[in-house]
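Below is work-v2.cif, holding mmCIF, C-alpha atoms.
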data_upload
loop_
_atom_site.group_PDB
_atom_site.id
_atom_site.type_symbol
_atom_site.label_atom_id
_atom_site.label_comp_id
_atom_site.auth_asym_id
_atom_site.auth_seq_id
_atom_site.Cartn_x
_atom_site.Cartn_y
_atom_site.Cartn_z
ATOM 1 C CA ILE A 78 0.000 0.000 0.000
ATOM 2 C CA TYR A 79 2.050 2.944 -1.208
ATOM 3 C CA PHE A 80 2.254 6.318 -2.963
ATOM 4 C CA ASN A 81 -1.306 7.304 -2.037
ATOM 5 C CA THR A 82 -2.325 10.926 -1.573
ATOM 6 C CA GLY A 83 -3.561 10.816 2.014
ATOM 7 C CA ASP A 84 -3.497 7.815 4.341
ATOM 8 C CA GLY A 85 -2.456 4.344 3.278
ATOM 9 C CA VAL A 86 -5.317 2.733 5.224
ATOM 10 C CA ASP A 87 -8.184 4.875 6.561
ATOM 11 C CA ILE A 88 -10.784 3.217 8.824
ATOM 12 C CA GLN A 89 -13.674 5.511 9.725
ATOM 13 C CA PRO A 90 -16.715 5.288 12.078
ATOM 14 C CA ALA A 91 -18.834 3.316 9.601
ATOM 15 C CA ALA A 92 -16.653 0.334 10.554
ATOM 16 C CA SER A 93 -17.274 0.747 14.274
ATOM 17 C CA SER A 94 -19.345 -2.420 14.718
ATOM 18 C CA ARG A 95 -16.840 -4.668 12.964
ATOM 19 C CA SER A 96 -13.592 -6.341 13.883
ATOM 20 C CA ASN A 97 -10.968 -4.509 11.868
ATOM 21 C CA SER A 98 -7.692 -6.313 11.122
ATOM 22 C CA ILE A 99 -4.667 -5.151 9.151
ATOM 23 C CA VAL A 100 -2.198 -8.019 8.906
ATOM 24 C CA GLY A 101 0.964 -8.651 6.890
ATOM 25 C CA CYS A 102 0.943 -5.466 4.805
ATOM 26 C CA ARG A 103 3.764 -3.242 3.591
ATOM 27 C CA ILE A 104 2.603 0.365 3.951
ATOM 28 C CA ARG A 105 4.954 3.087 2.754
ATOM 29 C CA ARG A 106 5.384 6.510 1.211
ATOM 30 C CA ASN A 107 1.798 7.688 1.580
ATOM 31 C CA THR A 108 1.451 11.445 2.064
ATOM 32 C CA GLY A 109 -0.666 11.009 5.214
ATOM 33 C CA ASN A 110 -0.510 8.325 7.895
ATOM 34 C CA GLY A 111 0.354 4.744 7.190
ATOM 35 C CA ILE A 112 -2.792 3.667 9.070
ATOM 36 C CA LEU A 113 -5.514 5.972 10.419
ATOM 37 C CA ALA A 114 -8.326 4.643 12.636
ATOM 38 C CA ASP A 115 -10.873 7.196 13.840
ATOM 39 C CA ALA A 116 -13.696 6.250 16.246
ATOM 40 C CA VAL A 117 -13.846 2.558 15.337
ATOM 41 C CA THR A 118 -13.486 -0.490 17.598
ATOM 42 C CA ASN A 119 -11.637 -3.808 17.823
ATOM 43 C CA LEU A 120 -8.597 -2.833 15.773
ATOM 44 C CA PHE A 121 -5.871 -5.460 15.295
ATOM 45 C CA VAL A 122 -2.654 -4.367 13.546
ATOM 46 C CA ASN A 123 -0.200 -7.240 13.259
ATOM 47 C CA LYS A 124 3.023 -8.096 11.387
ATOM 48 C CA ASN A 125 3.007 -5.085 9.097
ATOM 49 C CA THR A 126 5.993 -3.053 7.912
ATOM 50 C CA ILE A 127 5.119 0.658 7.985
ATOM 51 C CA TRP A 128 7.656 3.227 6.873
ATOM 52 C CA SER A 129 8.367 6.589 5.249
ATOM 53 C CA ASN A 130 4.816 7.950 5.493
ATOM 54 C CA GLY A 131 4.113 11.689 5.679
ATOM 55 C CA GLY A 132 2.161 11.440 8.956
ATOM 56 C CA SER A 133 2.406 8.818 11.692
ATOM 57 C CA GLY A 134 2.992 5.146 11.107
ATOM 58 C CA ILE A 135 -0.222 4.341 13.016
ATOM 59 C CA ASP A 136 -2.620 7.070 14.212
ATOM 60 C CA VAL A 137 -5.534 5.929 16.393
ATOM 61 C CA THR A 138 -8.234 8.308 17.722
ATOM 62 C CA ALA A 139 -11.174 7.510 20.051
ATOM 63 C CA THR A 140 -10.894 3.790 19.349
ATOM 64 C CA PRO A 141 -11.194 1.150 22.118
ATOM 65 C CA ASN A 142 -9.635 -2.324 22.070
ATOM 66 C CA VAL A 143 -6.590 -1.578 19.950
ATOM 67 C CA ASN A 144 -3.930 -4.277 19.614
ATOM 68 C CA ILE A 145 -0.772 -3.178 17.791
ATOM 69 C CA GLN A 146 1.534 -6.173 17.747
ATOM 70 C CA SER A 147 4.723 -7.406 16.047
ATOM 71 C CA ASN A 148 5.053 -4.600 13.504
ATOM 72 C CA ARG A 149 8.123 -2.851 12.101
ATOM 73 C CA ILE A 150 7.605 0.904 12.142
ATOM 74 C CA TYR A 151 10.286 3.337 11.068
ATOM 75 C CA ARG A 152 11.162 6.648 9.409
ATOM 76 C CA ASN A 153 7.669 8.188 9.502
ATOM 77 C CA THR A 154 7.460 11.997 9.637
ATOM 78 C CA SER A 155 5.235 12.165 12.729
ATOM 79 C CA GLN A 156 4.873 9.487 15.453
ATOM 80 C CA GLY A 157 5.628 5.799 15.164
ATOM 81 C CA VAL A 158 2.363 5.036 17.003
ATOM 82 C CA TRP A 159 0.026 7.832 18.096
ATOM 83 C CA LEU A 160 -2.845 6.889 20.435
ATOM 84 C CA GLN A 161 -5.136 9.806 21.256
ATOM 85 C CA GLY A 162 -8.516 10.669 22.717
ATOM 86 C CA ALA A 163 -10.381 9.539 25.826
ATOM 87 C CA GLY A 164 -12.198 6.902 23.769
ATOM 88 C CA THR A 165 -8.929 5.109 23.069
ATOM 89 C CA THR A 166 -9.069 2.641 25.965
ATOM 90 C CA GLY A 167 -7.604 -0.798 26.495
ATOM 91 C CA GLY A 168 -4.833 -0.151 23.996
ATOM 92 C CA LEU A 169 -1.943 -2.609 23.751
ATOM 93 C CA VAL A 170 1.322 -1.871 21.943
ATOM 94 C CA TYR A 171 3.203 -5.179 22.098
ATOM 95 C CA ARG A 172 6.452 -6.571 20.683
ATOM 96 C CA ASN A 173 6.963 -3.995 17.950
ATOM 97 C CA LEU A 174 10.232 -2.753 16.472
ATOM 98 C CA ILE A 175 9.989 1.043 16.281
ATOM 99 C CA TYR A 176 13.188 2.621 15.057
ATOM 100 C CA GLY A 177 14.921 4.997 12.712
ATOM 101 C CA GLY A 178 13.662 8.546 12.913
ATOM 102 C CA ASN A 179 9.977 8.799 13.844
ATOM 103 C CA ALA A 180 9.207 11.984 15.804
ATOM 104 C CA ASN A 181 8.516 9.835 18.908
ATOM 105 C CA GLY A 182 8.199 6.072 19.166
ATOM 106 C CA VAL A 183 4.832 5.819 20.961
ATOM 107 C CA ARG A 184 2.820 8.916 21.895
ATOM 108 C CA GLY A 185 -0.171 8.761 24.223
ATOM 109 C CA TRP A 186 -2.244 11.948 24.155
ATOM 110 C CA ALA A 187 -5.528 13.539 25.239
ATOM 111 C CA GLY A 188 -6.801 10.841 27.586
ATOM 112 C CA ALA A 189 -5.672 7.688 25.801
ATOM 113 C CA ASP A 190 -5.159 4.545 27.889
ATOM 114 C CA ALA A 191 -2.398 2.232 26.690
ATOM 115 C CA ARG A 192 -0.065 -0.550 27.793
ATOM 116 C CA VAL A 193 3.302 -0.451 26.055
ATOM 117 C CA ILE A 194 4.833 -3.899 26.629
ATOM 118 C CA ASN A 195 7.990 -5.610 25.302
ATOM 119 C CA ASN A 196 8.817 -3.216 22.480
ATOM 120 C CA THR A 197 12.217 -2.211 21.137
ATOM 121 C CA ILE A 198 12.136 1.536 20.471
ATOM 122 C CA ILE A 199 15.402 3.110 19.356
ATOM 123 C CA SER A 200 16.775 6.119 17.476
ATOM 124 C CA GLN A 201 13.664 8.316 17.513
ATOM 125 C CA VAL A 202 14.056 12.042 16.872
ATOM 126 C CA GLY A 203 12.273 12.743 20.187
ATOM 127 C CA SER A 204 11.478 10.331 23.014
ATOM 128 C CA GLY A 205 10.944 6.589 22.956
ATOM 129 C CA VAL A 206 7.587 6.906 24.730
ATOM 130 C CA LEU A 207 5.844 10.266 25.267
ATOM 131 C CA ALA A 208 2.733 10.680 27.427
ATOM 132 C CA GLU A 209 1.021 14.073 27.497
ATOM 133 C CA SER A 210 -2.285 15.882 28.010
ATOM 134 C CA ALA A 211 -4.434 15.403 31.132
ATOM 135 C CA GLY A 212 -6.160 12.047 31.561
ATOM 136 C CA THR A 213 -3.617 10.023 29.617
ATOM 137 C CA LEU A 214 -2.652 6.710 31.225
ATOM 138 C CA VAL A 215 0.409 4.750 30.096
ATOM 139 C CA GLU A 216 1.978 1.592 31.491
ATOM 140 C CA ALA A 217 5.441 0.864 30.072
ATOM 141 C CA THR A 218 6.945 -2.532 30.933
ATOM 142 C CA ASN A 219 9.768 -4.695 29.532
ATOM 143 C CA ASN A 220 10.734 -2.244 26.790
ATOM 144 C CA ILE A 221 14.142 -1.318 25.401
ATOM 145 C CA LEU A 222 14.186 2.467 24.936
ATOM 146 C CA ALA A 223 17.637 3.376 23.659
ATOM 147 C CA TRP A 224 19.553 6.034 21.723
ATOM 148 C CA ASN A 225 16.561 8.321 21.299
ATOM 149 C CA GLY A 226 17.033 12.075 20.812
ATOM 150 C CA GLY A 227 14.835 12.998 23.787
ATOM 151 C CA TYR A 228 14.054 10.845 26.822
ATOM 152 C CA GLY A 229 13.611 7.119 26.988
ATOM 153 C CA LEU A 230 10.202 7.755 28.576
ATOM 154 C CA ARG A 231 8.687 11.184 29.153
ATOM 155 C CA LYS A 232 5.605 12.376 31.024
ATOM 156 C CA ASN A 233 4.904 15.850 29.697
ATOM 157 C CA ALA A 234 1.872 17.244 31.553
ATOM 158 C CA GLY A 235 -0.017 17.292 34.828
ATOM 159 C CA GLY A 236 -2.889 14.848 35.195
ATOM 160 C CA VAL A 237 -0.972 12.182 33.257
ATOM 161 C CA THR A 238 -0.293 8.807 34.895
ATOM 162 C CA VAL A 239 2.800 6.907 33.753
ATOM 163 C CA THR A 240 3.989 3.724 35.452
ATOM 164 C CA ALA A 241 7.232 2.155 34.304
ATOM 165 C CA GLY A 242 8.970 -1.040 35.289
ATOM 166 C CA TYR A 243 11.614 -3.384 33.935
ATOM 167 C CA ASN A 244 12.649 -1.169 31.027
ATOM 168 C CA ASP A 245 16.149 -0.575 29.679
ATOM 169 C CA TRP A 246 16.635 3.121 28.869
ATOM 170 C CA HIS A 247 20.145 3.486 27.580
ATOM 171 C CA GLY A 248 21.948 6.274 25.767
ATOM 172 C CA ASN A 249 19.004 8.656 25.324
ATOM 173 C CA THR A 250 20.287 12.158 24.573
ATOM 174 C CA THR A 251 18.200 14.247 26.998
ATOM 175 C CA GLY A 252 17.888 11.657 29.772
ATOM 176 C CA THR A 253 16.457 8.337 30.893
ATOM 177 C CA ASN A 254 13.013 9.519 31.987
ATOM 178 C CA LEU A 255 11.075 12.575 33.128
ATOM 179 C CA SER A 256 8.373 12.946 35.813
ATOM 180 C CA LEU A 257 7.156 9.354 36.010
ATOM 181 C CA THR A 258 4.309 8.467 38.379
ATOM 182 C CA SER A 259 6.135 5.315 39.489
ATOM 183 C CA SER A 260 9.284 3.528 38.384
ATOM 184 C CA VAL A 261 10.760 0.185 39.469
ATOM 185 C CA ALA A 262 13.555 -2.195 38.377
ATOM 186 C CA ASN A 263 14.583 -0.222 35.287
ATOM 187 C CA ILE A 264 18.167 -0.432 34.008
ATOM 188 C CA THR A 265 20.463 1.722 31.858
ATOM 189 C CA ASN A 266 22.702 -0.922 30.263
ATOM 190 C CA ASN A 267 23.685 -1.109 26.628
ATOM 191 C CA PRO A 268 21.227 -3.708 25.262
ATOM 192 C CA ARG A 269 23.985 -5.321 23.176
ATOM 193 C CA PHE A 270 22.089 -6.317 20.062
ATOM 194 C CA LEU A 271 23.481 -8.976 17.748
ATOM 195 C CA SER A 272 23.038 -6.694 14.738
ATOM 196 C CA ALA A 273 22.091 -3.106 13.903
ATOM 197 C CA ASP A 274 21.585 -4.008 10.224
ATOM 198 C CA PRO A 275 17.849 -3.991 9.311
ATOM 199 C CA THR A 276 18.479 -6.611 6.602
ATOM 200 C CA SER A 277 19.955 -9.103 9.092
ATOM 201 C CA THR A 278 17.868 -11.878 10.653
ATOM 202 C CA ASN A 279 19.539 -10.887 13.943
ATOM 203 C CA PHE A 280 18.474 -7.237 13.707
ATOM 204 C CA LEU A 281 17.848 -5.866 17.222
ATOM 205 C CA ARG A 282 17.927 -9.350 18.743
ATOM 206 C CA LEU A 283 19.707 -9.734 22.086
ATOM 207 C CA SER A 284 23.160 -11.248 22.397
ATOM 208 C CA ASN A 285 24.040 -13.680 25.177
ATOM 209 C CA SER A 286 25.865 -10.864 27.005
ATOM 210 C CA SER A 287 22.860 -8.526 27.120
ATOM 211 C CA ALA A 288 21.640 -7.362 30.516
ATOM 212 C CA CYS A 289 18.101 -7.439 29.056
ATOM 213 C CA VAL A 290 18.074 -11.262 28.992
ATOM 214 C CA ASP A 291 15.843 -12.662 31.761
ATOM 215 C CA SER A 292 15.372 -9.125 33.146
ATOM 216 C CA GLY A 293 11.696 -8.547 32.376
ATOM 217 C CA SER A 294 8.886 -8.479 34.910
ATOM 218 C CA THR A 295 8.060 -11.886 36.397
ATOM 219 C CA ASN A 296 4.397 -10.910 35.961
ATOM 220 C CA TYR A 297 4.878 -11.886 32.302
ATOM 221 C CA ASP A 298 6.709 -15.177 32.883
ATOM 222 C CA GLY A 299 3.538 -17.085 32.020
ATOM 223 C CA SER A 300 3.895 -16.013 28.380
ATOM 224 C CA PRO A 301 4.341 -18.992 26.008
ATOM 225 C CA ILE A 302 7.048 -16.928 24.284
ATOM 226 C CA ARG A 303 9.375 -17.112 27.296
ATOM 227 C CA LEU A 304 12.469 -19.257 26.719
ATOM 228 C CA GLY A 305 14.726 -18.462 29.677
ATOM 229 C CA LEU A 306 14.295 -18.198 33.429
ATOM 230 C CA HIS A 307 12.220 -15.036 33.000
ATOM 231 C CA ILE A 308 10.809 -13.010 30.141
ATOM 232 C CA ASP A 309 13.346 -10.737 28.392
ATOM 233 C CA MET A 310 13.139 -7.007 27.782
ATOM 234 C CA GLY A 311 12.494 -5.909 24.197
ATOM 235 C CA ALA A 312 10.540 -7.159 21.209
ATOM 236 C CA PHE A 313 12.365 -10.448 20.696
ATOM 237 C CA GLU A 314 12.743 -13.255 23.221
ATOM 238 C CA SER A 315 16.303 -14.585 23.069
ATOM 239 C CA PRO A 316 17.256 -18.283 23.333
ATOM 240 C CA TYR A 317 19.642 -17.443 26.191
ATOM 241 C CA THR A 318 19.255 -17.504 29.919
ATOM 242 C CA LYS A 319 21.444 -16.162 32.682
ATOM 243 C CA GLY A 320 23.605 -18.875 34.181
ATOM 244 C CA SER A 321 26.286 -18.701 36.842
ATOM 245 C CA GLY A 322 29.310 -17.478 34.933
ATOM 246 C CA ALA A 323 28.096 -18.562 31.492
ATOM 247 C CA SER A 324 25.172 -17.999 29.136
ATOM 248 C CA ILE A 325 23.014 -20.997 28.337
ATOM 249 C CA ALA A 326 20.907 -21.147 25.169
ATOM 250 C CA VAL A 327 17.413 -22.557 25.691
ATOM 251 C CA ARG A 328 15.398 -23.677 22.687
ATOM 252 C CA LYS A 329 11.845 -24.969 22.909
ATOM 253 C CA ALA A 330 9.999 -26.932 20.217
ATOM 254 C CA VAL A 331 6.425 -28.171 20.242
ATOM 255 C CA SER A 332 5.103 -31.247 18.441
ATOM 256 C CA LYS A 333 1.782 -29.786 17.277
ATOM 257 C CA THR A 334 0.179 -26.404 16.814
ATOM 258 C CA TYR A 335 -3.286 -27.585 17.878
ATOM 259 C CA VAL A 336 -4.476 -30.584 19.898
ATOM 260 C CA ARG A 337 -7.859 -32.182 20.460
ATOM 261 C CA PRO A 338 -9.103 -32.980 23.963
ATOM 262 C CA TYR A 339 -7.137 -35.881 25.514
ATOM 263 C CA GLU A 340 -4.380 -35.750 22.863
ATOM 264 C CA PHE A 341 -0.775 -35.428 23.970
ATOM 265 C CA LEU A 342 1.335 -32.347 23.279
ATOM 266 C CA LEU A 343 5.110 -32.869 23.405
ATOM 267 C CA TYR A 344 7.500 -30.060 24.321
ATOM 268 C CA THR A 345 11.211 -30.547 23.666
ATOM 269 C CA VAL A 346 13.594 -28.227 25.537
ATOM 270 C CA THR A 347 17.271 -28.157 24.499
ATOM 271 C CA LEU A 348 19.986 -26.519 26.622
ATOM 272 C CA SER A 349 23.395 -25.624 25.184
ATOM 273 C CA ASN A 350 26.310 -23.323 25.916
#
Transcribe the structure of this file into structure tokens.
Amino acid sequence: IYFNTGDGVDIQPAASSRSNSIVGCRIRRNTGNGILADAVTNLFVNKNTIWSNGGSGIDVTATPNVNIQSNRIYRNTSQGVWLQGAGTTGGLVYRNLIYGGNANGVRGWAGADARVINNTIISQVGSGVLAESAGTLVEATNNILAWNGGYGLRKNAGGVTVTAGYNDWHGNTTGTNLSLTSSVANITNNPRFLSADPTSTNFLRLSNSSACVDSGSTNYDGSPIRLGLHIDMGAFESPYTKGSGASIAVRKAVSKTYVRPYEFLLYTVTLSN
């Protein structure tokens, strides 16, 4: 979806009673936003690549039940993800790569309510996560917020609630964070990615020496994605776990995708160093 005058995808209130899904698209070089959703509901944006648009990568207004998951979002003129309006409730921004020159990585504004969980947000012009305008509520957990031009995470107005835990905010130009409501177990270590090359299969994946391995909140250890002792910080779960003096790779395979009642499901876990 590219070279359109205006937005690449524009979902308007007529779609409010439907489940709206945008999956597996490449959305680029539109003069407006990559995706615009205005006063709709049940929006699922998954495994898209969204780049070089004239507005934001994803702009959501007054839309409840938004799930933005496993996308690559980069080099958009405005925000990577912009959630705005008091009607934008129950938003989830989960396991996205947001990098390379958006104005801010994720911006919550004007009363939006969002959970920003396990994202890798680097090299934004402004801050990794920006929360502003009274009534906005943002929870940021298990993210890597690094090398941004502003703060890793910034609360920019009174009446805004921002809770942050188990994030790595490293190398941000202005500072790690500003005016958070609460903050716990955050670190400032270099995340030590395997590759900074967007064409590499190891792009922004954690190395075995990364302090982000096994350093996420134990509240998320029940995730089926977890491979180590605890969930990792960032968008990708690494095959490593923290051992005593050495890193151990943990790989998990499953025998079937689906099972019927009373069928067996076999998990195979391999440890190596």
- Message: On this structure, the PyMOL selection byres ((chain A and resi 124-141) around 8) would catch which residues? List them as an NGL selection string, sorted by chain and number.
- Response: :A and (99-120 or 122-123 or 142-143 or 146-168 or 179 or 189)
- Message: Please enumerate the residues selected by the PyMOL selection byres ((chain A and resi 219) around 6) when evaluated against the supplied file, formatted as an MDAnalysis selection string.
- Response: chainID A and resid 194:195 218 220 243:244 293 310
- Find the distance between CA of Thr276 in chain A and CA of Val202 in chain A and write it in Å to one decimal. 21.7 Å
- Query: Counting all atoms listed in the file, which residues come within 12 Å of (19.6, -5.1, 27.7), with the point read in the file's coordinates, and could you list them as a count of residues only?
  - Reply: 42
- One-decimal distance in Å that lies between CA of Gly182 in chain A and CA of Pro90 in chain A: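 The value is 25.9 Å.
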- Item | Interatomic distance, CA of Gly178 in chain A to CA of Leu255 in chain A (Å, one decimal) |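 That distance, rounded to one decimal, is 20.8 Å.
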- Item | Expansion of the PyMOL selection byres ((chain A and resi 298-306) around 8) into residues, as a PyMOL selection string | chain A and resi 290-291+294-297+307-309+314-319+327-329
Enclose the full set of atoms of range 186-189 of chain A listed in the file within a box whose edges lie along x, y and z, apply 5 Å of padding to each of the six sides, and report centre and edge lengths in Å to one decimal as AutoDock Vina command-line options.
--center_x -4.5 --center_y 10.6 --center_z 25.9 --size_x 14.6 --size_y 15.9 --size_z 13.4
- So which residues are close to (-1.2, 4.7, 28.3), meaning at most 9 Å away in the file's coordinates with all atoms listed in the file counted, and can you show them as a VMD selection string? chain A and resid 160 166 to 169 184 to 186 188 to 193 208 213 to 217 237 to 240
Let me see the file: selected residues, C-alpha atoms, as a short mmCIF file (atom, residue, chain, number, x, y, z; two decimals), keeping the file's coordinate frame.
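Final file, selection_21.cif:
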data_model
loop_
_atom_site.label_atom_id
_atom_site.label_comp_id
_atom_site.auth_asym_id
_atom_site.auth_seq_id
_atom_site.Cartn_x
_atom_site.Cartn_y
_atom_site.Cartn_z
CA LEU A 160 -2.84 6.89 20.43
CA THR A 166 -9.07 2.64 25.96
CA GLY A 167 -7.60 -0.80 26.50
CA GLY A 168 -4.83 -0.15 24.00
CA LEU A 169 -1.94 -2.61 23.75
CA ARG A 184 2.82 8.92 21.90
CA GLY A 185 -0.17 8.76 24.22
CA TRP A 186 -2.24 11.95 24.16
CA GLY A 188 -6.80 10.84 27.59
CA ALA A 189 -5.67 7.69 25.80
CA ASP A 190 -5.16 4.54 27.89
CA ALA A 191 -2.40 2.23 26.69
CA ARG A 192 -0.06 -0.55 27.79
CA VAL A 193 3.30 -0.45 26.06
CA ALA A 208 2.73 10.68 27.43
CA THR A 213 -3.62 10.02 29.62
CA LEU A 214 -2.65 6.71 31.22
CA VAL A 215 0.41 4.75 30.10
CA GLU A 216 1.98 1.59 31.49
CA ALA A 217 5.44 0.86 30.07
CA VAL A 237 -0.97 12.18 33.26
CA THR A 238 -0.29 8.81 34.90
CA VAL A 239 2.80 6.91 33.75
CA THR A 240 3.99 3.72 35.45
#
Taking all heavy atoms as the atom set, what does range 233-241 of chain A look like once completed, written as a PDB file, keeping the file's coordinate frame?
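Final output, saved to out_2.pdb:
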ATOM      1  N   ASN A 233       4.740  14.460  30.115  1.00  0.00           N
ATOM      2  CA  ASN A 233       4.904  15.850  29.697  1.00  0.00           C
ATOM      3  C   ASN A 233       3.760  16.766  30.122  1.00  0.00           C
ATOM      4  O   ASN A 233       3.600  17.826  29.559  1.00  0.00           O
ATOM      5  CB  ASN A 233       5.063  15.906  28.167  1.00  0.00           C
ATOM      6  CG  ASN A 233       5.654  17.222  27.699  1.00  0.00           C
ATOM      7  OD1 ASN A 233       6.430  17.852  28.407  1.00  0.00           O
ATOM      8  ND2 ASN A 233       5.271  17.635  26.506  1.00  0.00           N
ATOM      9  N   ALA A 234       2.959  16.358  31.118  1.00  0.00           N
ATOM     10  CA  ALA A 234       1.872  17.244  31.553  1.00  0.00           C
ATOM     11  C   ALA A 234       1.331  16.764  32.887  1.00  0.00           C
ATOM     12  O   ALA A 234       1.468  15.599  33.254  1.00  0.00           O
ATOM     13  CB  ALA A 234       0.737  17.268  30.511  1.00  0.00           C
ATOM     14  N   GLY A 235       0.688  17.676  33.620  1.00  0.00           N
ATOM     15  CA  GLY A 235      -0.017  17.292  34.828  1.00  0.00           C
ATOM     16  C   GLY A 235      -1.255  16.490  34.487  1.00  0.00           C
ATOM     17  O   GLY A 235      -1.808  16.599  33.391  1.00  0.00           O
ATOM     18  N   GLY A 236      -1.708  15.663  35.427  1.00  0.00           N
ATOM     19  CA  GLY A 236      -2.889  14.848  35.195  1.00  0.00           C
ATOM     20  C   GLY A 236      -2.623  13.616  34.359  1.00  0.00           C
ATOM     21  O   GLY A 236      -3.550  12.886  34.007  1.00  0.00           O
ATOM     22  N   VAL A 237      -1.352  13.372  34.013  1.00  0.00           N
ATOM     23  CA  VAL A 237      -0.972  12.182  33.257  1.00  0.00           C
ATOM     24  C   VAL A 237      -0.413  11.154  34.232  1.00  0.00           C
ATOM     25  O   VAL A 237       0.350  11.486  35.135  1.00  0.00           O
ATOM     26  CB  VAL A 237       0.094  12.529  32.196  1.00  0.00           C
ATOM     27  CG1 VAL A 237       0.575  11.274  31.481  1.00  0.00           C
ATOM     28  CG2 VAL A 237      -0.459  13.535  31.190  1.00  0.00           C
ATOM     29  N   THR A 238      -0.798   9.887  34.063  1.00  0.00           N
ATOM     30  CA  THR A 238      -0.293   8.807  34.895  1.00  0.00           C
ATOM     31  C   THR A 238       0.595   7.901  34.054  1.00  0.00           C
ATOM     32  O   THR A 238       0.151   7.349  33.041  1.00  0.00           O
ATOM     33  CB  THR A 238      -1.443   7.975  35.493  1.00  0.00           C
ATOM     34  OG1 THR A 238      -2.282   8.834  36.273  1.00  0.00           O
ATOM     35  CG2 THR A 238      -0.909   6.860  36.364  1.00  0.00           C
ATOM     36  N   VAL A 239       1.856   7.764  34.462  1.00  0.00           N
ATOM     37  CA  VAL A 239       2.800   6.907  33.753  1.00  0.00           C
ATOM     38  C   VAL A 239       3.483   5.995  34.760  1.00  0.00           C
ATOM     39  O   VAL A 239       4.158   6.469  35.680  1.00  0.00           O
ATOM     40  CB  VAL A 239       3.863   7.718  32.991  1.00  0.00           C
ATOM     41  CG1 VAL A 239       4.854   6.778  32.318  1.00  0.00           C
ATOM     42  CG2 VAL A 239       3.213   8.617  31.952  1.00  0.00           C
ATOM     43  N   THR A 240       3.291   4.698  34.618  1.00  0.00           N
ATOM     44  CA  THR A 240       3.989   3.724  35.452  1.00  0.00           C
ATOM     45  C   THR A 240       4.977   2.962  34.575  1.00  0.00           C
ATOM     46  O   THR A 240       4.651   2.566  33.457  1.00  0.00           O
ATOM     47  CB  THR A 240       3.010   2.749  36.117  1.00  0.00           C
ATOM     48  OG1 THR A 240       2.265   2.056  35.108  1.00  0.00           O
ATOM     49  CG2 THR A 240       2.042   3.497  37.016  1.00  0.00           C
ATOM     50  N   ALA A 241       6.177   2.776  35.104  1.00  0.00           N
ATOM     51  CA  ALA A 241       7.232   2.155  34.304  1.00  0.00           C
ATOM     52  C   ALA A 241       7.990   1.147  35.146  1.00  0.00           C
ATOM     53  O   ALA A 241       8.372   1.432  36.280  1.00  0.00           O
ATOM     54  CB  ALA A 241       8.188   3.220  33.776  1.00  0.00           C
TER      55      ALA A 241
END
